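Q: Take a look at upload.txt, compact mmCIF, C-alpha atoms:
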# COMPACT_ATOMS: atom_id res chain seq x y z
CA MET A 1485 26.69 -32.20 -38.57
CA PHE A 1486 24.82 -33.47 -41.63
CA THR A 1487 24.51 -30.89 -44.40
CA LEU A 1488 24.17 -32.92 -47.59
CA LYS A 1489 20.44 -32.30 -47.99
CA ARG A 1490 19.05 -28.83 -48.41
CA LYS A 1491 17.34 -27.84 -45.17
CA PRO A 1492 14.71 -25.20 -44.45
CA LEU A 1493 16.09 -21.97 -43.03
CA SER A 1494 12.86 -20.90 -41.36
CA MET A 1495 10.97 -22.36 -38.43
CA PRO A 1496 8.17 -24.81 -39.29
CA SER A 1497 4.57 -23.95 -38.57
CA VAL A 1498 2.48 -26.06 -36.22
CA ASP A 1499 0.94 -27.77 -39.26
CA GLN A 1500 4.36 -28.53 -40.73
CA ALA A 1501 5.94 -29.86 -37.53
CA LEU A 1502 6.45 -33.58 -37.03
CA PRO A 1503 4.15 -35.18 -34.43
CA GLY A 1504 6.87 -36.65 -32.20
CA ARG A 1505 5.92 -38.99 -29.36
CA ASP A 1506 4.67 -39.10 -25.79
CA GLN A 1507 7.58 -41.03 -24.33
CA ALA A 1508 11.05 -39.58 -23.71
CA LEU A 1509 13.92 -41.07 -25.69
CA PRO A 1510 16.17 -43.55 -23.86
CA THR A 1511 19.35 -41.75 -22.90
CA ALA A 1512 22.34 -42.02 -20.59
CA LYS A 1513 21.68 -41.98 -16.86
CA THR A 1514 25.06 -40.60 -15.82
CA HIS A 1515 27.63 -38.19 -17.20
CA PHE A 1516 30.33 -40.11 -19.11
CA ILE A 1517 33.15 -38.07 -17.56
CA THR A 1518 32.03 -37.32 -14.01
CA GLY A 1519 29.51 -40.07 -13.33
CA ALA A 1520 27.04 -37.49 -12.03
CA PRO A 1521 23.34 -38.19 -12.67
CA LEU A 1522 22.46 -36.61 -16.01
CA LYS A 1523 18.86 -35.82 -15.03
CA GLY A 1524 19.50 -35.09 -11.36
CA PRO A 1525 19.20 -34.76 -8.52
CA TYR A 1526 21.75 -31.98 -8.82
CA PRO A 1527 23.90 -30.57 -5.99
CA GLN A 1528 22.20 -28.23 -3.55
CA GLY A 1529 22.64 -24.62 -4.64
CA ALA A 1530 23.39 -25.57 -8.24
CA GLU A 1531 21.89 -23.48 -11.05
CA LYS A 1532 20.88 -24.33 -14.60
CA ALA A 1533 21.66 -22.76 -17.96
CA LEU A 1534 20.70 -23.63 -21.54
CA PHE A 1535 22.42 -22.60 -24.77
CA GLY A 1536 22.35 -23.30 -28.49
CA LEU A 1537 25.52 -22.56 -30.43
CA GLY A 1538 25.79 -24.94 -33.33
CA CYS A 1539 26.71 -28.62 -33.37
CA PHE A 1540 26.07 -29.75 -29.81
CA TRP A 1541 28.95 -32.23 -29.76
CA GLY A 1542 31.57 -29.48 -29.75
CA ALA A 1543 29.45 -27.04 -27.81
CA GLU A 1544 29.02 -29.42 -24.88
CA ARG A 1545 32.77 -29.95 -24.58
CA LYS A 1546 33.32 -26.21 -24.22
CA PHE A 1547 31.15 -26.19 -21.10
CA TRP A 1548 32.26 -29.43 -19.41
CA GLU A 1549 35.85 -28.12 -19.53
CA LEU A 1550 34.88 -25.04 -17.49
CA PRO A 1551 35.65 -25.28 -13.74
CA GLY A 1552 32.48 -25.01 -11.69
CA VAL A 1553 30.30 -26.83 -14.22
CA THR A 1554 29.03 -30.03 -12.60
CA VAL A 1555 26.84 -31.55 -15.33
CA THR A 1556 26.41 -31.05 -19.06
CA ALA A 1557 23.97 -32.73 -21.42
CA VAL A 1558 22.95 -32.32 -25.04
CA GLY A 1559 19.43 -32.31 -26.35
CA TYR A 1560 16.75 -30.47 -28.21
CA ALA A 1561 14.99 -27.24 -27.25
CA GLY A 1562 12.95 -24.41 -28.66
CA GLY A 1563 10.83 -26.37 -31.11
CA LEU A 1564 7.36 -27.82 -31.57
CA THR A 1565 7.80 -31.60 -31.71
CA PRO A 1566 7.63 -33.46 -28.37
CA ASN A 1567 10.49 -35.90 -27.67
CA PRO A 1568 12.08 -35.60 -31.12
CA THR A 1569 14.79 -37.91 -32.42
CA TYR A 1570 18.07 -36.60 -33.81
CA GLU A 1571 17.00 -37.49 -37.35
CA GLU A 1572 13.74 -35.59 -36.91
CA VAL A 1573 15.55 -32.50 -35.64
CA CYS A 1574 17.96 -32.66 -38.58
CA SER A 1575 15.01 -32.67 -41.00
CA GLY A 1576 14.20 -29.08 -40.00
CA ARG A 1577 10.60 -30.08 -39.30
CA THR A 1578 10.66 -29.95 -35.50
CA GLY A 1579 11.88 -26.38 -34.94
CA HIS A 1580 14.29 -27.54 -32.27
CA ASN A 1581 17.76 -26.22 -31.65
CA GLU A 1582 20.69 -28.48 -30.80
CA ALA A 1583 21.11 -27.33 -27.21
CA VAL A 1584 23.51 -27.78 -24.32
CA PHE A 1585 22.09 -28.00 -20.81
CA VAL A 1586 24.50 -26.88 -18.08
CA VAL A 1587 24.36 -27.34 -14.31
CA PHE A 1588 26.86 -25.11 -12.50
CA ASP A 1589 27.98 -24.03 -9.07
CA PRO A 1590 27.51 -20.23 -8.90
CA ASN A 1591 30.13 -20.06 -6.15
CA GLN A 1592 32.74 -21.29 -8.64
CA VAL A 1593 31.58 -19.87 -11.95
CA SER A 1594 29.16 -17.04 -12.70
CA TYR A 1595 26.45 -17.02 -15.31
CA GLU A 1596 28.29 -14.16 -16.99
CA GLN A 1597 31.33 -16.40 -17.39
CA LEU A 1598 29.10 -18.94 -19.10
CA LEU A 1599 27.82 -16.19 -21.39
CA LYS A 1600 31.36 -15.14 -22.25
CA LEU A 1601 32.24 -18.73 -23.16
CA PHE A 1602 29.03 -19.02 -25.16
CA PHE A 1603 29.66 -15.94 -27.28
CA GLU A 1604 33.36 -16.61 -27.86
CA SER A 1605 32.84 -20.28 -28.80
CA HIS A 1606 30.76 -19.69 -31.94
CA ASN A 1607 29.81 -17.03 -34.46
CA PRO A 1608 26.53 -15.54 -33.23
CA THR A 1609 25.94 -13.50 -36.40
CA GLN A 1610 25.07 -16.27 -38.86
CA GLY A 1611 21.35 -16.84 -38.39
CA MET A 1612 20.31 -20.43 -39.12
CA ARG A 1613 23.82 -21.81 -39.48
CA GLN A 1614 27.26 -22.25 -37.99
CA GLY A 1615 29.92 -22.40 -40.66
CA ASN A 1616 29.14 -25.33 -42.97
CA ASP A 1617 26.39 -26.60 -40.65
CA VAL A 1618 23.16 -25.20 -42.08
CA GLY A 1619 19.66 -25.49 -40.65
CA THR A 1620 17.35 -24.24 -37.94
CA GLN A 1621 18.97 -26.52 -35.33
CA TYR A 1622 22.24 -24.59 -35.62
CA ARG A 1623 20.87 -21.17 -34.66
CA SER A 1624 22.37 -19.21 -31.79
CA GLY A 1625 20.21 -19.12 -28.67
CA ILE A 1626 20.25 -18.33 -24.97
CA TYR A 1627 17.36 -19.78 -22.96
CA TYR A 1628 17.08 -18.25 -19.50
CA TYR A 1629 15.80 -19.72 -16.23
CA SER A 1630 15.43 -16.45 -14.31
CA GLU A 1631 14.99 -12.73 -14.79
CA ALA A 1632 18.59 -12.23 -13.68
CA GLN A 1633 19.76 -14.57 -16.45
CA ARG A 1634 17.63 -12.71 -18.99
CA GLN A 1635 19.10 -9.37 -18.00
CA ALA A 1636 22.64 -10.74 -18.07
CA ALA A 1637 22.06 -12.29 -21.50
CA GLU A 1638 20.62 -9.10 -22.97
CA ALA A 1639 23.49 -7.04 -21.56
CA ALA A 1640 26.10 -9.46 -22.89
CA LYS A 1641 24.49 -9.54 -26.33
CA ALA A 1642 24.43 -5.75 -26.51
CA ALA A 1643 28.02 -5.38 -25.33
CA TYR A 1644 29.37 -8.04 -27.68
CA GLY A 1645 27.32 -6.65 -30.54
CA ARG A 1646 29.04 -3.29 -30.19
CA VAL A 1647 32.47 -4.93 -30.25
CA LEU A 1648 31.63 -7.06 -33.29
CA ALA A 1649 30.23 -4.05 -35.13
CA ALA A 1650 33.47 -2.18 -34.49
CA GLN A 1651 35.29 -5.07 -36.17
CA GLY A 1652 32.99 -4.88 -39.19
CA LEU A 1653 30.97 -7.99 -38.39
CA ASP A 1654 27.24 -8.42 -38.87
CA PRO A 1655 24.65 -7.92 -36.10
CA ILE A 1656 24.15 -10.70 -33.59
CA THR A 1657 21.24 -13.03 -34.39
CA THR A 1658 21.18 -14.84 -31.03
CA GLU A 1659 17.64 -15.43 -29.79
CA ILE A 1660 17.05 -14.87 -26.07
CA GLU A 1661 13.97 -16.72 -24.83
CA PRO A 1662 12.59 -18.25 -21.62
CA ALA A 1663 13.97 -21.75 -21.19
CA PRO A 1664 11.63 -24.16 -23.00
CA GLU A 1665 11.30 -27.85 -22.28
CA PHE A 1666 14.63 -29.57 -22.82
CA TYR A 1667 14.50 -33.02 -24.42
CA PHE A 1668 17.60 -35.08 -23.66
CA ALA A 1669 19.24 -36.47 -26.79
CA GLU A 1670 20.02 -40.10 -27.43
CA ASP A 1671 22.71 -41.81 -25.37
CA TYR A 1672 25.40 -41.80 -28.06
CA HIS A 1673 25.29 -38.00 -28.33
CA GLN A 1674 25.98 -37.40 -24.64
CA GLN A 1675 29.61 -36.30 -24.10
CA TYR A 1676 30.25 -37.47 -27.65
CA LEU A 1677 33.73 -35.97 -28.02
CA ALA A 1678 34.88 -37.62 -24.79
CA LYS A 1679 33.83 -40.97 -26.20
CA ASN A 1680 35.12 -40.12 -29.70
CA PRO A 1681 38.10 -37.74 -29.30
CA ASN A 1682 38.60 -37.49 -33.05
CA GLY A 1683 34.92 -36.89 -33.76
CA TYR A 1684 33.50 -34.06 -35.79
CA CYS A 1685 33.48 -30.55 -34.34
CA GLY A 1686 32.77 -27.66 -36.67
CA LEU A 1687 32.47 -25.08 -33.92
CA GLY A 1688 34.44 -21.87 -34.34
CA GLY A 1689 34.26 -18.37 -32.90
CA THR A 1690 34.83 -14.94 -34.39
CA GLY A 1691 38.20 -14.49 -32.71
CA VAL A 1692 36.85 -11.37 -31.01
CA SER A 1693 36.89 -11.28 -27.20
CA CYS A 1694 33.56 -10.78 -25.47
CA PRO A 1695 33.82 -7.88 -22.97
CA ILE A 1696 31.85 -9.37 -20.10
CA GLY A 1697 33.15 -8.65 -16.61
CA THR A 1698 31.58 -9.07 -13.20
CA GLY A 1699 28.07 -7.81 -12.76
CA VAL A 1700 24.63 -9.36 -12.73
CA ALA A 1701 24.93 -13.07 -12.01
CA ALA A 1702 22.27 -15.72 -12.13
CA GLU A 1703 20.11 -16.05 -9.05
Take the structure in this file and express it as structure tokens.
A:
Amino acid sequence: MFTLKRKPLSMPSVDQALPGRDQALPTAKTHFITGAPLKGPYPQGAEKALFGLGCFWGAERKFWELPGVTVTAVGYAGGLTPNPTYEEVCSGRTGHNEAVFVVFDPNQVSYEQLLKLFFESHNPTQGMRQGNDVGTQYRSGIYYYSEAQRQAAEAAKAAYGRVLAAQGLDPITTEIEPAPEFYFAEDYHQQYLAKNPNGYCGLGGTGVSCPIGTGVAAE
């Protein structure tokens, strides 16, 4: 979202990372659109997913529009700094990704459908950037909560990688890691494009369909 200053394109070391804080940032208690509790409790039988695909304002909207998704939230994941602020994440000195946390009903939408939306909603071949948004917080990432999710993510990445290669595109750089601690972002970021319909969204896909059908779903 902010690209005026040159940002590091590699993850900070422990010595380079900002210290952060012990207390969580104040954030919204309920989802701006649905009124559901942002931090739970979530519906019985609901499952969780976590993705990084560029500017989290636009990325979150992609998921809240999907039937079967009950809660979405934006925040920071995959870094070193505890409870970072948005400004700290943008400095490149926390190692965090701008992430979207998703709570979904597996009886209405499968994890594979979330993966398909994830891959088609951004360009997963660009490393530490998405379009004009440059920095470590814009990297592509899937953070899994179960072995079934890991397997589904790896299979989807491999399948989409073959399709992109056939179209002459670069290899996928998406990281697939166990879900780290998710730090909820500040209140004004939550469901930002619902509050600001004309707000910035630089998210864009490759235009290539991701060939994910039915198969391994999240457990």
Q: With a cut-off of 12 Å, could you pull out the residues of region 1639-1681 of chain A touching region 1518-1523 of chain A and give me the nearest pair of atoms for each, distance in Å to one decimal, using all atoms listed in the file, ordered by chain and ascending number, as a tab-separated table?
A:
residue	atom	partner	partner_atom	distance
A:Phe1666	CA	A:Lys1523	CA	10.8
A:Tyr1667	CA	A:Lys1523	CA	10.7
A:Phe1668	CA	A:Lys1523	CA	8.8
A:Ala1669	CA	A:Leu1522	CA	11.3
A:Asp1671	CA	A:Leu1522	CA	10.7
A:Gln1674	CA	A:Leu1522	CA	9.4
A:Gln1675	CA	A:Thr1518	CA	10.4
A:Ala1678	CA	A:Thr1518	CA	11.2
Q: Using CA of Ala1663 (chain A) and CA of Arg1634 (chain A) as the two end points, give the distance in Å to one decimal.
A: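 Interatomic distance, CA of Ala1663 (chain A) to CA of Arg1634 (chain A): 10.0 Å.
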Q: Enter the distance from CA of Gln1500 (chain A) to CA of Tyr1560 (chain A), in Å, rounded to one decimal.
A: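 Interatomic distance here is 17.7 Å.
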Q: Excluding same-chain residues fewer than 6 positions from Lys1679 (chain A), what lies within 12 Å of it counting only C-alpha atoms, as a list in words?
A: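 Near neighbours after the sequence-gap exclusion: His1515, Phe1516, Ile1517, Trp1541, Arg1545, Asp1671, Tyr1672 and His1673 of chain A.
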Q: If I take CA of Tyr1627 (chain A) and CA of Gln1528 (chain A), how far is one from the other in Å, to one decimal?
A: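 Separating CA of Tyr1627 (chain A) from CA of Gln1528 (chain A) is a distance of 21.7 Å.
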Q: Applying 8 Å and all atoms listed in the file, which residues near Leu1601 (chain A) remain after dropping the ones on its own chain fewer than 3 positions away? List them as a list in words.
A: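 The contact residues come out as Lys1546, Phe1547, Gln1597, Leu1598, Glu1604 and Ser1605 of chain A.
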Q: Could region 1565-1590 of chain A be completed with N, CA, C and O atoms and written as a PDB file, in the frame of the given file, please?
A:
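For reference, selection20.pdb as written:
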ATOM      1  N   THR A1565       8.014 -30.152 -31.742  1.00  0.00           N
ATOM      2  CA  THR A1565       7.800 -31.600 -31.710  1.00  0.00           C
ATOM      3  C   THR A1565       8.179 -32.168 -30.352  1.00  0.00           C
ATOM      4  O   THR A1565       9.321 -31.998 -29.907  1.00  0.00           O
ATOM      5  N   PRO A1566       7.275 -32.863 -29.669  1.00  0.00           N
ATOM      6  CA  PRO A1566       7.630 -33.460 -28.370  1.00  0.00           C
ATOM      7  C   PRO A1566       8.539 -34.682 -28.539  1.00  0.00           C
ATOM      8  O   PRO A1566       8.332 -35.507 -29.431  1.00  0.00           O
ATOM      9  N   ASN A1567       9.569 -34.751 -27.699  1.00  0.00           N
ATOM     10  CA  ASN A1567      10.490 -35.900 -27.670  1.00  0.00           C
ATOM     11  C   ASN A1567      11.007 -36.264 -29.057  1.00  0.00           C
ATOM     12  O   ASN A1567      10.891 -37.414 -29.502  1.00  0.00           O
ATOM     13  N   PRO A1568      11.616 -35.316 -29.759  1.00  0.00           N
ATOM     14  CA  PRO A1568      12.080 -35.600 -31.120  1.00  0.00           C
ATOM     15  C   PRO A1568      13.335 -36.475 -31.120  1.00  0.00           C
ATOM     16  O   PRO A1568      14.107 -36.490 -30.159  1.00  0.00           O
ATOM     17  N   THR A1569      13.540 -37.190 -32.211  1.00  0.00           N
ATOM     18  CA  THR A1569      14.790 -37.910 -32.420  1.00  0.00           C
ATOM     19  C   THR A1569      15.779 -36.976 -33.123  1.00  0.00           C
ATOM     20  O   THR A1569      15.410 -35.935 -33.677  1.00  0.00           O
ATOM     21  N   TYR A1570      17.037 -37.381 -33.133  1.00  0.00           N
ATOM     22  CA  TYR A1570      18.070 -36.600 -33.810  1.00  0.00           C
ATOM     23  C   TYR A1570      17.741 -36.444 -35.297  1.00  0.00           C
ATOM     24  O   TYR A1570      17.864 -35.358 -35.866  1.00  0.00           O
ATOM     25  N   GLU A1571      17.312 -37.539 -35.934  1.00  0.00           N
ATOM     26  CA  GLU A1571      17.000 -37.490 -37.350  1.00  0.00           C
ATOM     27  C   GLU A1571      15.851 -36.525 -37.626  1.00  0.00           C
ATOM     28  O   GLU A1571      15.856 -35.800 -38.629  1.00  0.00           O
ATOM     29  N   GLU A1572      14.857 -36.505 -36.734  1.00  0.00           N
ATOM     30  CA  GLU A1572      13.740 -35.590 -36.910  1.00  0.00           C
ATOM     31  C   GLU A1572      14.185 -34.140 -36.772  1.00  0.00           C
ATOM     32  O   GLU A1572      13.760 -33.266 -37.542  1.00  0.00           O
ATOM     33  N   VAL A1573      15.031 -33.864 -35.816  1.00  0.00           N
ATOM     34  CA  VAL A1573      15.550 -32.500 -35.640  1.00  0.00           C
ATOM     35  C   VAL A1573      16.338 -32.075 -36.874  1.00  0.00           C
ATOM     36  O   VAL A1573      16.204 -30.943 -37.358  1.00  0.00           O
ATOM     37  N   CYS A1574      17.144 -32.982 -37.408  1.00  0.00           N
ATOM     38  CA  CYS A1574      17.960 -32.660 -38.580  1.00  0.00           C
ATOM     39  C   CYS A1574      17.122 -32.412 -39.830  1.00  0.00           C
ATOM     40  O   CYS A1574      17.596 -31.792 -40.782  1.00  0.00           O
ATOM     41  N   SER A1575      15.881 -32.886 -39.837  1.00  0.00           N
ATOM     42  CA  SER A1575      15.010 -32.670 -41.000  1.00  0.00           C
ATOM     43  C   SER A1575      14.563 -31.212 -41.110  1.00  0.00           C
ATOM     44  O   SER A1575      14.094 -30.782 -42.159  1.00  0.00           O
ATOM     45  N   GLY A1576      14.677 -30.458 -40.018  1.00  0.00           N
ATOM     46  CA  GLY A1576      14.200 -29.080 -40.000  1.00  0.00           C
ATOM     47  C   GLY A1576      12.705 -28.977 -39.764  1.00  0.00           C
ATOM     48  O   GLY A1576      12.145 -27.874 -39.804  1.00  0.00           O
ATOM     49  N   ARG A1577      12.060 -30.089 -39.448  1.00  0.00           N
ATOM     50  CA  ARG A1577      10.600 -30.080 -39.300  1.00  0.00           C
ATOM     51  C   ARG A1577      10.153 -30.229 -37.844  1.00  0.00           C
ATOM     52  O   ARG A1577       9.015 -30.574 -37.569  1.00  0.00           O
ATOM     53  N   THR A1578      11.044 -29.957 -36.914  1.00  0.00           N
ATOM     54  CA  THR A1578      10.660 -29.950 -35.500  1.00  0.00           C
ATOM     55  C   THR A1578      10.791 -28.557 -34.892  1.00  0.00           C
ATOM     56  O   THR A1578      10.160 -28.259 -33.881  1.00  0.00           O
ATOM     57  N   GLY A1579      11.631 -27.717 -35.477  1.00  0.00           N
ATOM     58  CA  GLY A1579      11.880 -26.380 -34.940  1.00  0.00           C
ATOM     59  C   GLY A1579      12.865 -26.337 -33.792  1.00  0.00           C
ATOM     60  O   GLY A1579      13.154 -25.273 -33.257  1.00  0.00           O
ATOM     61  N   HIS A1580      13.401 -27.499 -33.425  1.00  0.00           N
ATOM     62  CA  HIS A1580      14.290 -27.540 -32.270  1.00  0.00           C
ATOM     63  C   HIS A1580      15.705 -27.081 -32.614  1.00  0.00           C
ATOM     64  O   HIS A1580      16.168 -27.215 -33.745  1.00  0.00           O
ATOM     65  N   ASN A1581      16.352 -26.564 -31.595  1.00  0.00           N
ATOM     66  CA  ASN A1581      17.760 -26.220 -31.650  1.00  0.00           C
ATOM     67  C   ASN A1581      18.566 -27.360 -31.020  1.00  0.00           C
ATOM     68  O   ASN A1581      18.078 -28.026 -30.110  1.00  0.00           O
ATOM     69  N   GLU A1582      19.772 -27.589 -31.507  1.00  0.00           N
ATOM     70  CA  GLU A1582      20.690 -28.480 -30.800  1.00  0.00           C
ATOM     71  C   GLU A1582      21.210 -27.699 -29.600  1.00  0.00           C
ATOM     72  O   GLU A1582      21.916 -26.707 -29.755  1.00  0.00           O
ATOM     73  N   ALA A1583      20.855 -28.130 -28.407  1.00  0.00           N
ATOM     74  CA  ALA A1583      21.110 -27.330 -27.210  1.00  0.00           C
ATOM     75  C   ALA A1583      22.014 -28.053 -26.229  1.00  0.00           C
ATOM     76  O   ALA A1583      22.098 -29.288 -26.218  1.00  0.00           O
ATOM     77  N   VAL A1584      22.675 -27.257 -25.407  1.00  0.00           N
ATOM     78  CA  VAL A1584      23.510 -27.780 -24.320  1.00  0.00           C
ATOM     79  C   VAL A1584      22.927 -27.303 -22.998  1.00  0.00           C
ATOM     80  O   VAL A1584      22.772 -26.102 -22.768  1.00  0.00           O
ATOM     81  N   PHE A1585      22.599 -28.256 -22.151  1.00  0.00           N
ATOM     82  CA  PHE A1585      22.090 -28.000 -20.810  1.00  0.00           C
ATOM     83  C   PHE A1585      23.260 -28.038 -19.840  1.00  0.00           C
ATOM     84  O   PHE A1585      24.088 -28.952 -19.888  1.00  0.00           O
ATOM     85  N   VAL A1586      23.359 -27.035 -18.983  1.00  0.00           N
ATOM     86  CA  VAL A1586      24.500 -26.880 -18.080  1.00  0.00           C
ATOM     87  C   VAL A1586      24.005 -26.732 -16.646  1.00  0.00           C
ATOM     88  O   VAL A1586      23.109 -25.930 -16.381  1.00  0.00           O
ATOM     89  N   VAL A1587      24.590 -27.503 -15.744  1.00  0.00           N
ATOM     90  CA  VAL A1587      24.360 -27.340 -14.310  1.00  0.00           C
ATOM     91  C   VAL A1587      25.666 -26.833 -13.721  1.00  0.00           C
ATOM     92  O   VAL A1587      26.728 -27.436 -13.948  1.00  0.00           O
ATOM     93  N   PHE A1588      25.617 -25.711 -12.977  1.00  0.00           N
ATOM     94  CA  PHE A1588      26.860 -25.110 -12.500  1.00  0.00           C
ATOM     95  C   PHE A1588      26.734 -24.637 -11.068  1.00  0.00           C
ATOM     96  O   PHE A1588      25.633 -24.374 -10.565  1.00  0.00           O
ATOM     97  N   ASP A1589      27.887 -24.537 -10.428  1.00  0.00           N
ATOM     98  CA  ASP A1589      27.980 -24.030  -9.070  1.00  0.00           C
ATOM     99  C   ASP A1589      28.260 -22.529  -9.133  1.00  0.00           C
ATOM    100  O   ASP A1589      29.357 -22.125  -9.538  1.00  0.00           O
ATOM    101  N   PRO A1590      27.301 -21.670  -8.767  1.00  0.00           N
ATOM    102  CA  PRO A1590      27.510 -20.230  -8.900  1.00  0.00           C
ATOM    103  C   PRO A1590      28.591 -19.679  -7.970  1.00  0.00           C
ATOM    104  O   PRO A1590      29.021 -18.536  -8.145  1.00  0.00           O
TER     105      PRO A1590
END
